[in-house]
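Single-structure report; data block below.
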Amino acid sequence: MTEPSLRWGILGTGGIASVFAEDVLRLPGHEIAAVGSRSHGTAAAFAERYGVPRAHGSYAELAADDGVDVVYVATPHPMHFEPARLCVEAGRAVLVEKPFTTGAAEAEKLAALSREHGVFAMEAMWTRFNPLVRRLRDLVADGAIGDVTAVYADFSIAAEFDAGHRLWSPELGGGALLDLGCYPLSFTWPLLGPPASVQATASPAPTGVDANTGILLGYESGAIALLHCGLHGDSPHSATVVGTRGRIDVASPFYRPASMTVVRTGGDPEVLTADIDGHGYTYQAEEVARCLRAGLTESPLMPLDETIAILRTIDEISAQFGQSTSTQP
């Protein structure tokens with residue numbers, strides 16, 4: 001018998017909500033049942049655009065909608081925790097846009113709530129579910145390039161300065177680290193685990209948020225990770241994983257790669273490719289569906305403890321250049 005469709009609720013109606021909605025609508029066995037916004041007008045406009053049957057004028061109304069199985073929280077970073085809390089306490093599973101929260105303390109609270117209520121929760125770090133990124137992790141685990149000795153990854157964009165824009169605003173969780181730096185950190189984590197040492201430096205924007213940030217992570221194995229994120233200029237958006245018997249070069253953009261090259265010592269380069277579905281968000285939606293149908297409350301590919309640990313590292317990086325990632329009093 002055919003499984004019933006997974007019924008999504010979309011919380012928030014901004015650009016990322018639209019991208020996710022477009023990808024969900026590509027998937028068989030998935031439907032968007034409802035949308036919620038702080039304004040009924042914006043919710044209704046989103047619902048009309050994507051053929052969503054129910055529009056709610058508050059996040060609480062969406063959380064209380066029994067016709068929704070899982071809610072995608074698509075609000076700006078500082079507004080992740082409270083809407084997600086509403087959903088979890090209403091028994092609604094949540095997929096929370098990255099970063100999960102603006103700091104480890106909030107993430108710990110949200111994880112504890114989801115476990116207390118037995119409700120599925122996952123960070124929407126969509127790169128983790130990309131087919132080539134998953135293949136890369138398998139290759140590394142199988143020893144294809146030996147022991148990992150270094151990871152290099154960068155994600156910097158040329159963003160025009162606007163003090164009121166979320167990228168530059170401390171109140172809206174701005175800065176390169178939270179918005180972009182979480183990608184190279186999350187890419188590195190499954191390959192090397194938690195670092196033994198963290199060093200960072202950053203150039204601040206006029207608003208005080210980090211605008212150009214370098215990160216050096218050290219590991220007990222002797223491996224290092226050299227990571228960069230910024231808002232002042234476009235970087236290659238590439239990543240390389242170096243091992244004792246070769247390397248893997250991940251094509252740009254490494255957070256949504258369609259190809260990568262495995263270079264084994266003494267061997268010919270092997271190019272691996274994938275046809276990426278939609279914008280690349282379908283894979284995390286499929287993982288949510290797989291977990292829910294299996295009765296899981298966490299994804300083994302993006303477990304809550306790992307999300308919290310990465311946010312602790314982000315907190316530590318921020319503290320080194322005097323910036324707090326937390327937007328809570």
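As shown in the structure tokens, the chain order sets the letters A, B, ...; within each chain, residues go from 1, and ligands are also counted from 1 in the order they appear.
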| In stretch 106-296 of chain A, DSSP helix (DSSP H, G or I) residues written as an MDAnalysis selection string | chainID A and resid 106:117 126:129 131:141 170:172 176:192 282:293
Sort by chain and increasing residue number a table of all residues of stretch 131-219 of chain A within 12 Å of stretch 281-291 of chain A, each with its closest pair of atoms and their distance in Å to one decimal, counting only C-alpha atoms, and write it as CSV.
residue,atom,partner,partner_atom,distance
A:Pro131,CA,A:Tyr283,CA,8.0
A:Leu132,CA,A:Tyr283,CA,11.4
A:Val133,CA,A:Tyr283,CA,11.4
A:Arg134,CA,A:Tyr283,CA,10.8
Keeping only N, CA and C atoms, write the selected residues to a file as a short mmCIF file (atom, residue, chain, number, x, y, z; two decimals), in the first residue's frame.
data_model
loop_
_atom_site.label_atom_id
_atom_site.label_comp_id
_atom_site.auth_asym_id
_atom_site.auth_seq_id
_atom_site.Cartn_x
_atom_site.Cartn_y
_atom_site.Cartn_z
N PRO A 131 23.88 14.17 -2.33
CA PRO A 131 24.37 12.81 -2.62
C PRO A 131 25.88 12.72 -2.74
N LEU A 132 26.54 13.76 -3.28
CA LEU A 132 27.99 13.69 -3.38
C LEU A 132 28.67 13.92 -2.05
N VAL A 133 28.12 14.77 -1.21
CA VAL A 133 28.68 14.96 0.12
C VAL A 133 28.56 13.67 0.93
N ARG A 134 27.45 12.99 0.78
CA ARG A 134 27.30 11.69 1.45
C ARG A 134 28.31 10.68 0.90
#
Give one line per residue of stretch 279-326 of chain A that approaches stretch 80-101 of chain A to at most 12 Å, naming the two atoms of the closest pair and their distance in Å to one decimal, counting only C-alpha atoms; sort by chain then ascending residue number and deliver it as JSON lines.
{"residue": "A:Tyr281", "atom": "CA", "partner": "A:Glu97", "partner_atom": "CA", "distance": 11.0}
{"residue": "A:Gln284", "atom": "CA", "partner": "A:Leu95", "partner_atom": "CA", "distance": 8.9}
{"residue": "A:Ala285", "atom": "CA", "partner": "A:Leu95", "partner_atom": "CA", "distance": 8.5}
{"residue": "A:Glu286", "atom": "CA", "partner": "A:Leu95", "partner_atom": "CA", "distance": 11.6}
{"residue": "A:Glu287", "atom": "CA", "partner": "A:Leu95", "partner_atom": "CA", "distance": 10.4}
{"residue": "A:Val288", "atom": "CA", "partner": "A:Leu95", "partner_atom": "CA", "distance": 7.7}
{"residue": "A:Ala289", "atom": "CA", "partner": "A:Ala93", "partner_atom": "CA", "distance": 10.6}
{"residue": "A:Cys291", "atom": "CA", "partner": "A:Ala93", "partner_atom": "CA", "distance": 10.7}
{"residue": "A:Leu292", "atom": "CA", "partner": "A:Ala93", "partner_atom": "CA", "distance": 8.5}
{"residue": "A:Gly295", "atom": "CA", "partner": "A:Ala93", "partner_atom": "CA", "distance": 11.4}
{"residue": "A:Leu296", "atom": "CA", "partner": "A:Ala93", "partner_atom": "CA", "distance": 10.7}
{"residue": "A:Thr297", "atom": "CA", "partner": "A:Ala93", "partner_atom": "CA", "distance": 8.3}
{"residue": "A:Glu298", "atom": "CA", "partner": "A:Ala93", "partner_atom": "CA", "distance": 10.0}
{"residue": "A:Ser299", "atom": "CA", "partner": "A:Leu95", "partner_atom": "CA", "distance": 10.6}
{"residue": "A:Met302", "atom": "CA", "partner": "A:Leu95", "partner_atom": "CA", "distance": 11.0}
{"residue": "A:Pro303", "atom": "CA", "partner": "A:Phe100", "partner_atom": "CA", "distance": 11.6}
{"residue": "A:Leu304", "atom": "CA", "partner": "A:Phe100", "partner_atom": "CA", "distance": 9.4}
{"residue": "A:Asp305", "atom": "CA", "partner": "A:Phe100", "partner_atom": "CA", "distance": 11.6}
{"residue": "A:Glu306", "atom": "CA", "partner": "A:Phe100", "partner_atom": "CA", "distance": 11.0}
{"residue": "A:Thr307", "atom": "CA", "partner": "A:Phe100", "partner_atom": "CA", "distance": 7.3}
{"residue": "A:Ile308", "atom": "CA", "partner": "A:Phe100", "partner_atom": "CA", "distance": 8.5}
{"residue": "A:Ala309", "atom": "CA", "partner": "A:Phe100", "partner_atom": "CA", "distance": 11.5}
{"residue": "A:Ile310", "atom": "CA", "partner": "A:Pro99", "partner_atom": "CA", "distance": 9.6}
{"residue": "A:Leu311", "atom": "CA", "partner": "A:Pro99", "partner_atom": "CA", "distance": 8.1}
{"residue": "A:Arg312", "atom": "CA", "partner": "A:Thr101", "partner_atom": "CA", "distance": 11.0}
{"residue": "A:Ile314", "atom": "CA", "partner": "A:Pro99", "partner_atom": "CA", "distance": 10.2}
{"residue": "A:Asp315", "atom": "CA", "partner": "A:Thr101", "partner_atom": "CA", "distance": 11.3}
{"residue": "A:Thr325", "atom": "CA", "partner": "A:Thr101", "partner_atom": "CA", "distance": 9.4}
{"residue": "A:Ser326", "atom": "CA", "partner": "A:Thr101", "partner_atom": "CA", "distance": 8.5}
| said: Applying 8 Å and only C-alpha atoms, which residues near stretch 261-263 of chain A remain after dropping the ones on its own chain fewer than 3 positions away? List them as a ChimeraX atom specification. | reply: /A:145,246-251,267-272
Write the residues of the selection above to a file with C-alpha atoms, as a compact mmCIF listing (two decimals), in the first residue's frame.
# COMPACT_ATOMS: atom_id res chain seq x y z
CA ILE A 145 42.43 8.67 0.66
CA GLY A 246 45.26 11.21 -1.75
CA ARG A 247 42.70 13.99 -1.71
CA ILE A 248 39.15 14.82 -2.76
CA ASP A 249 38.48 18.14 -4.50
CA VAL A 250 34.84 19.18 -4.20
CA ALA A 251 33.68 21.43 -7.02
CA GLY A 267 46.37 6.81 -9.57
CA ASP A 268 44.41 8.68 -12.20
CA PRO A 269 41.89 11.28 -11.03
CA GLU A 270 38.34 9.94 -10.78
CA VAL A 271 35.54 12.42 -11.40
CA LEU A 272 32.23 11.67 -9.67
| field | Residue contacts of A:Asn130 (12 Å, only C-alpha atoms) excluding same-chain residues fewer than 6 positions away, as a list in words | value | Ala124, Leu136, Arg137, Phe187, Pro253, Phe254, Tyr255, Arg256, Pro257, Ala258, Ser259, Thr273, Ala274, Asp275, Ile276, Asp277, Gly278, His279, Gly280, Tyr281, Thr282, Tyr283, Gln284, Ala285, Glu286, Glu287 and Leu301 of chain A
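When only C-alpha atoms are used to compute distances to A:Thr188, the closest of the residues A:Leu139, A:Ala202, A:Ile224, A:Ala211 turns out to be A:Ile224.
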| query | Any idea what's packed within 12 Å of A:Gly36, counting only C-alpha atoms, ignoring anything in its chain fewer than 5 positions away? Could you give it as a ChimeraX atom specification? | reply | /A:8-14,17,41-47,52-65,68,71-75,83,87
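Comparing the minimum interatomic distances between A:Gly208 and each of A:Gly322, A:Gly29, A:Gly15, A:Pro236, counting only C-alpha atoms, we find that A:Gly322 sits nearest.
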| query | stretch 174-186 of chain A: which residues within 7 Å, counting only C-alpha atoms, same-chain residues fewer than 3 positions away excluded, as JSON, numbers by chain? | reply | {"A": [99, 153, 154, 155, 166, 167, 168, 169, 170, 189, 209, 210, 211, 212, 227, 228, 229, 230, 231, 255]}
Give me the residues within 10 Å of A:Thr244 as a PDB file with N, CA and C atoms, in the first residue's frame, counting only C-alpha atoms and dropping any in the same chain fewer than 2 places off.
ATOM      1  N   GLY A 143      38.486   4.662   3.732  1.00  0.00           N
ATOM      2  CA  GLY A 143      39.930   4.783   3.585  1.00  0.00           C
ATOM      3  C   GLY A 143      40.417   5.082   2.186  1.00  0.00           C
ATOM      4  N   ALA A 144      39.563   5.633   1.338  1.00  0.00           N
ATOM      5  CA  ALA A 144      39.921   5.874  -0.062  1.00  0.00           C
ATOM      6  C   ALA A 144      41.119   6.799  -0.205  1.00  0.00           C
ATOM      7  N   ILE A 145      41.290   7.757   0.736  1.00  0.00           N
ATOM      8  CA  ILE A 145      42.431   8.674   0.661  1.00  0.00           C
ATOM      9  C   ILE A 145      43.294   8.575   1.925  1.00  0.00           C
ATOM     10  N   GLY A 146      43.171   7.466   2.637  1.00  0.00           N
ATOM     11  CA  GLY A 146      43.936   7.291   3.866  1.00  0.00           C
ATOM     12  C   GLY A 146      43.346   8.095   5.008  1.00  0.00           C
ATOM     13  N   ASP A 147      44.184   8.441   5.962  1.00  0.00           N
ATOM     14  CA  ASP A 147      43.745   9.243   7.105  1.00  0.00           C
ATOM     15  C   ASP A 147      43.664  10.712   6.712  1.00  0.00           C
ATOM     16  N   VAL A 148      42.591  11.385   7.101  1.00  0.00           N
ATOM     17  CA  VAL A 148      42.428  12.795   6.774  1.00  0.00           C
ATOM     18  C   VAL A 148      43.426  13.629   7.566  1.00  0.00           C
ATOM     19  N   THR A 149      44.170  14.471   6.843  1.00  0.00           N
ATOM     20  CA  THR A 149      45.159  15.335   7.486  1.00  0.00           C
ATOM     21  C   THR A 149      44.766  16.807   7.443  1.00  0.00           C
ATOM     22  N   ALA A 150      43.897  17.182   6.501  1.00  0.00           N
ATOM     23  CA  ALA A 150      43.502  18.583   6.399  1.00  0.00           C
ATOM     24  C   ALA A 150      42.198  18.720   5.629  1.00  0.00           C
ATOM     25  N   VAL A 242      42.164  16.490   2.322  1.00  0.00           N
ATOM     26  CA  VAL A 242      43.482  15.905   2.083  1.00  0.00           C
ATOM     27  C   VAL A 242      43.683  14.715   3.005  1.00  0.00           C
ATOM     28  N   GLY A 246      45.990  10.554  -0.668  1.00  0.00           N
ATOM     29  CA  GLY A 246      45.263  11.210  -1.748  1.00  0.00           C
ATOM     30  C   GLY A 246      44.454  12.386  -1.243  1.00  0.00           C
ATOM     31  N   ARG A 247      43.556  12.874  -2.101  1.00  0.00           N
ATOM     32  CA  ARG A 247      42.700  13.993  -1.711  1.00  0.00           C
ATOM     33  C   ARG A 247      41.410  13.925  -2.512  1.00  0.00           C
ATOM     34  N   ARG A 264      43.745   9.712  -5.979  1.00  0.00           N
ATOM     35  CA  ARG A 264      44.468   8.753  -5.140  1.00  0.00           C
ATOM     36  C   ARG A 264      45.944   8.795  -5.501  1.00  0.00           C
ATOM     37  N   THR A 265      46.802   8.706  -4.489  1.00  0.00           N
ATOM     38  CA  THR A 265      48.237   8.750  -4.732  1.00  0.00           C
ATOM     39  C   THR A 265      48.638   7.663  -5.725  1.00  0.00           C
TER      40      THR A 265
END
| field | Residue among A:Leu172, A:Val140, A:Ala200, A:Ile32 lying closest to A:Arg245, counting only C-alpha atoms | value | A:Val140
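Atom CA of A:Leu27 sits 27.3 Å away from atom CA of A:Pro190.
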| request: Go ahead and compute the interatomic distance for atom CA of A:Pro78 and atom CA of A:Trp126, in Å to one decimal. | output: 19.2 Å
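For the choices A:Ser114, A:Thr102, A:Ser37, A:Ser5, the atom-to-atom distance to A:Asp69 is smallest for A:Ser5 when using only C-alpha atoms.
Between atom CA of A:His117 and atom CA of A:Asp66 the separation is 16.1 Å.
Between A:Ala34 and the residues A:Arg49, A:Arg7, A:Arg115, A:His237, the shortest atom-to-atom distance, using only C-alpha atoms, involves A:Arg7.
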List every residue of stretch 108-212 of chain A that DSSP, applied to the backbone, labels as strand (DSSP E), and write the result as a tab-separated table (two decimals) with N, CA, C and O atoms, in the first residue's frame.
chain	number	residue	atom	x	y	z
A	121	ALA	N	13.18	16.42	15.61
A	121	ALA	CA	13.74	17.75	15.35
A	121	ALA	C	15.07	17.58	14.64
A	121	ALA	O	15.85	16.67	14.95
A	122	MET	N	15.32	18.45	13.67
A	122	MET	CA	16.56	18.38	12.90
A	122	MET	C	16.91	19.76	12.35
A	122	MET	O	16.02	20.53	11.98
A	123	GLU	N	18.20	20.05	12.32
A	123	GLU	CA	18.68	21.26	11.66
A	123	GLU	C	18.65	21.06	10.15
A	123	GLU	O	19.06	20.02	9.64
A	124	ALA	N	18.20	22.07	9.43
A	124	ALA	CA	18.11	21.99	7.97
A	124	ALA	C	19.44	22.36	7.33
A	124	ALA	O	19.54	23.29	6.52
A	148	VAL	N	42.59	11.38	7.10
A	148	VAL	CA	42.43	12.79	6.77
A	148	VAL	C	43.43	13.63	7.57
A	148	VAL	O	43.53	13.51	8.79
A	149	THR	N	44.17	14.47	6.84
A	149	THR	CA	45.16	15.34	7.49
A	149	THR	C	44.77	16.81	7.44
A	149	THR	O	45.27	17.60	8.24
A	150	ALA	N	43.90	17.18	6.50
A	150	ALA	CA	43.50	18.58	6.40
A	150	ALA	C	42.20	18.72	5.63
A	150	ALA	O	41.91	17.93	4.73
A	151	VAL	N	41.42	19.73	6.01
A	151	VAL	CA	40.23	20.11	5.27
A	151	VAL	C	40.32	21.62	5.02
A	151	VAL	O	40.62	22.39	5.93
A	152	TYR	N	40.08	22.00	3.76
A	152	TYR	CA	40.04	23.41	3.38
A	152	TYR	C	38.66	23.70	2.80
A	152	TYR	O	38.19	22.96	1.93
A	153	ALA	N	38.02	24.75	3.26
A	153	ALA	CA	36.71	25.11	2.72
A	153	ALA	C	36.48	26.60	2.90
A	153	ALA	O	36.90	27.18	3.91
A	154	ASP	N	35.84	27.22	1.91
A	154	ASP	CA	35.58	28.65	1.99
A	154	ASP	C	34.18	28.97	1.47
A	154	ASP	O	33.66	28.29	0.59
A	155	PHE	N	33.59	30.00	2.07
A	155	PHE	CA	32.28	30.48	1.63
A	155	PHE	C	32.21	31.97	1.95
A	155	PHE	O	31.89	32.37	3.05
A	156	SER	N	32.55	32.77	0.94
A	156	SER	CA	32.50	34.21	1.09
A	156	SER	C	31.75	34.80	-0.09
A	156	SER	O	31.90	34.32	-1.22
A	197	SER	N	41.39	22.19	19.33
A	197	SER	CA	41.73	23.60	19.50
A	197	SER	C	41.00	24.41	18.44
A	197	SER	O	40.73	23.93	17.33
A	198	VAL	N	40.67	25.65	18.80
A	198	VAL	CA	39.95	26.56	17.92
A	198	VAL	C	40.65	27.92	17.95
A	198	VAL	O	40.83	28.50	19.02
A	199	GLN	N	41.05	28.40	16.79
A	199	GLN	CA	41.62	29.74	16.67
A	199	GLN	C	40.87	30.48	15.57
A	199	GLN	O	40.55	29.90	14.54
A	200	ALA	N	40.61	31.75	15.81
A	200	ALA	CA	39.85	32.51	14.82
A	200	ALA	C	40.26	33.97	14.84
A	200	ALA	O	40.73	34.49	15.87
A	201	THR	N	40.07	34.61	13.71
A	201	THR	CA	40.26	36.04	13.62
A	201	THR	C	39.20	36.58	12.67
A	201	THR	O	38.74	35.87	11.78
A	202	ALA	N	38.80	37.83	12.89
A	202	ALA	CA	37.74	38.40	12.06
A	202	ALA	C	37.90	39.90	11.93
A	202	ALA	O	38.42	40.56	12.83
A	203	SER	N	37.44	40.41	10.78
A	203	SER	CA	37.33	41.85	10.57
A	203	SER	C	35.88	42.24	10.76
A	203	SER	O	34.99	41.65	10.13
A	204	PRO	N	35.59	43.23	11.61
A	204	PRO	CA	34.20	43.58	11.86
A	204	PRO	C	33.64	44.54	10.81
A	204	PRO	O	34.36	45.34	10.21
A	210	ASP	N	30.78	40.11	12.32
A	210	ASP	CA	31.98	39.70	11.60
A	210	ASP	C	31.73	39.75	10.09
A	210	ASP	O	30.72	39.26	9.60
A	211	ALA	N	32.68	40.34	9.37
A	211	ALA	CA	32.52	40.50	7.92
A	211	ALA	C	33.54	39.70	7.13
A	211	ALA	O	33.34	39.47	5.93
A	212	ASN	N	34.60	39.26	7.77
A	212	ASN	CA	35.62	38.46	7.09
A	212	ASN	C	36.33	37.65	8.16
A	212	ASN	O	37.05	38.20	8.99
